[in-house]
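Visitor: Got a structure here, written out as structure tokens. Questions coming.
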Amino acid sequence: MYVTSVFSIKGGVGKTATAVNLAALASFSGVKTLLIDLDPQGSASFYLRVKPKIKTTVRKLIKGKTPVESHIKATDYVHLDILPSTRAYREIESELAQMKRPGDRIREMLQPLESIYQWVFIDCPPGLTLLAESIFRASKLILVPVVPTSLSVRTYTDLMEHFTENPLASGTNISGFFSMADRRKSMHRDILNDWDFQKDPFCKTIIPYLSDTEKMGIYRKPVVAWKPGSESSESFTRLWDEIKMKLT
């Protein structure tokens, strides 16, 4: 089971659109894929037209006292399932703070799914929190969207420094990629032109800022499903190809 977490310290960087489209592309290959929406805003669940029906406490869920499988729901796509978000996820941080070994909770919660799913994607809430650290320990790849602006690049640099001081577990990789890039803007263009893609573990694929991606909220579908062949869809497909090479 390959777990990819789409993470950013800050919001508004295209994190959820990336998680949804990558999960859809993985499922299109015909293998069982799970998208986990841990962001209390629930945007990934909204995009896939799924409402949660969590009938247990968050504490029981992350402690393994209620099976995670019972909360997973099917989507409109044959091989794609989702663990939908719920407002109750706002309680996760405080619950983790009261538990022993909080960093192991997400990994242990996912263990029963190893024989079911080949690909798992986690749409993470923003912020370096206890939950984030637990997600990192459960992941094979941490994928970080970076908007080509000075502040977003600075945030990415801070995150990489965090991992230098707090190394990831053996076997866990991290990779950034440029998201919501608009070459019409001089700052975006300059950063993209000057970036050394060999220096950092950075994907070469650049996800452009396009209205087709924004319209996911209107059609409530991944752009790779409702508009295949578009520039937006093709960029996510190229990113998915890069990720497969990193993980397999």
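Within each chain, counting starts at residue 1; across the structure tokens, chains are named A, B, ... in the order shown, with ligands numbered 1 upward in that order.
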Residues at most 8 Å from Leu22 in chain A, counting only C-alpha atoms, excluding those fewer than 4 positions away in the same chain, as a PyMOL selection string?

Guide: chain A and resi 18+26+121+236-237+240

Visitor: With only C-alpha atoms as the counted atoms, please give the residues lying no more than 10 Å from Ser8 in chain A, apart from itself and same-chain residues fewer than 5 positions off, as a PyMOL selection string.

Guide: chain A and resi 13-15+123-128+132+142-146+152+155-156+159+176

Visitor: Quick one: write out the picked residues with N, CA and C atoms as a short mmCIF file (atom, residue, chain, number, x, y, z; two decimals), in the first residue's frame?

Guide:
data_model
loop_
_atom_site.label_atom_id
_atom_site.label_comp_id
_atom_site.auth_asym_id
_atom_site.auth_seq_id
_atom_site.Cartn_x
_atom_site.Cartn_y
_atom_site.Cartn_z
N VAL A 13 -3.25 26.58 -1.72
CA VAL A 13 -2.15 26.30 -2.64
C VAL A 13 -2.48 25.18 -3.63
N GLY A 14 -3.76 24.79 -3.68
CA GLY A 14 -4.15 23.73 -4.62
C GLY A 14 -3.99 22.34 -4.07
N LYS A 15 -3.93 22.22 -2.76
CA LYS A 15 -3.70 20.92 -2.11
C LYS A 15 -4.83 19.93 -2.39
N ASP A 123 -5.66 13.95 2.01
CA ASP A 123 -5.77 15.40 1.92
C ASP A 123 -5.63 15.94 3.34
N CYS A 124 -4.48 16.53 3.62
CA CYS A 124 -4.14 16.94 4.99
C CYS A 124 -4.65 18.34 5.29
N PRO A 125 -5.03 18.58 6.53
CA PRO A 125 -5.28 19.96 6.93
C PRO A 125 -3.96 20.72 6.98
N PRO A 126 -3.98 22.03 6.77
CA PRO A 126 -2.71 22.78 6.82
C PRO A 126 -2.17 22.88 8.24
N GLY A 127 -0.86 23.10 8.33
CA GLY A 127 -0.25 23.33 9.63
C GLY A 127 0.62 22.19 10.11
N LEU A 128 1.72 22.55 10.78
CA LEU A 128 2.60 21.55 11.39
C LEU A 128 2.07 21.24 12.78
N ALA A 132 -0.31 16.26 11.74
CA ALA A 132 0.60 16.25 10.60
C ALA A 132 1.75 15.28 10.84
N ILE A 142 5.41 12.43 0.94
CA ILE A 142 4.76 13.68 1.32
C ILE A 142 4.91 14.63 0.14
N LEU A 143 3.80 15.00 -0.44
CA LEU A 143 3.79 15.83 -1.64
C LEU A 143 3.37 17.24 -1.25
N VAL A 144 4.22 18.22 -1.57
CA VAL A 144 4.03 19.58 -1.08
C VAL A 144 3.79 20.55 -2.24
N PRO A 145 2.57 21.07 -2.39
CA PRO A 145 2.33 22.08 -3.43
C PRO A 145 2.93 23.43 -3.03
N VAL A 146 3.57 24.07 -4.00
CA VAL A 146 4.22 25.36 -3.76
C VAL A 146 3.78 26.33 -4.86
N SER A 152 5.26 31.66 -0.53
CA SER A 152 5.04 30.22 -0.61
C SER A 152 6.37 29.47 -0.66
N THR A 155 7.74 29.40 2.77
CA THR A 155 7.06 28.39 3.59
C THR A 155 7.61 26.99 3.30
N TYR A 156 7.83 26.71 2.02
CA TYR A 156 8.41 25.42 1.63
C TYR A 156 9.82 25.26 2.23
N LEU A 159 9.59 24.41 5.80
CA LEU A 159 9.20 23.00 5.98
C LEU A 159 10.39 22.07 5.80
N GLY A 176 8.40 18.46 -3.44
CA GLY A 176 7.58 19.62 -3.74
C GLY A 176 7.21 19.65 -5.21
#

Visitor: Just list the residues in range 79-243 of chain A DSSP gives alpha helix (DSSP H) on the backbone, as a PyMOL selection string.

Guide: chain A and resi 92-97+105-110+130-138+150-165+186-194+211-214+216-219+223-226+231-243

Visitor: Would you list the contacts of Glu114 in chain A as a PyMOL selection string, taking every protein, DNA or RNA residue within 9 Å and counting only C-alpha atoms, but skipping same-chain residues closer than 4 positions in sequence?

Guide: chain A and resi 1-2+110+118

Visitor: Mind pulling up the distance from CA of Ile106 in chain A to CA of Pro67 in chain A?

Guide: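 CA of Pro67 in chain A sits 12.7 Å away from CA of Ile106 in chain A.
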
Visitor: Counting only C-alpha atoms, what is within 7 Å of Ala44 in chain A, bar same-chain residues fewer than 4 positions away, as a ChimeraX atom specification?

Guide: /A:16,20,37,48

Visitor: Take CA of Gly30 in chain A and CA of Met109 in chain A and report the distance between them in Å, one decimal.

Guide: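 Taking CA of Gly30 in chain A and CA of Met109 in chain A, their separation equals 24.5 Å.
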
Visitor: So, counting only C-alpha atoms, which residue among A:Tyr117, A:Glu91, A:Arg101, A:Arg59 is closest to Leu34 in chain A?

Guide: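 Nearest to Leu34 in chain A: A:Tyr117.
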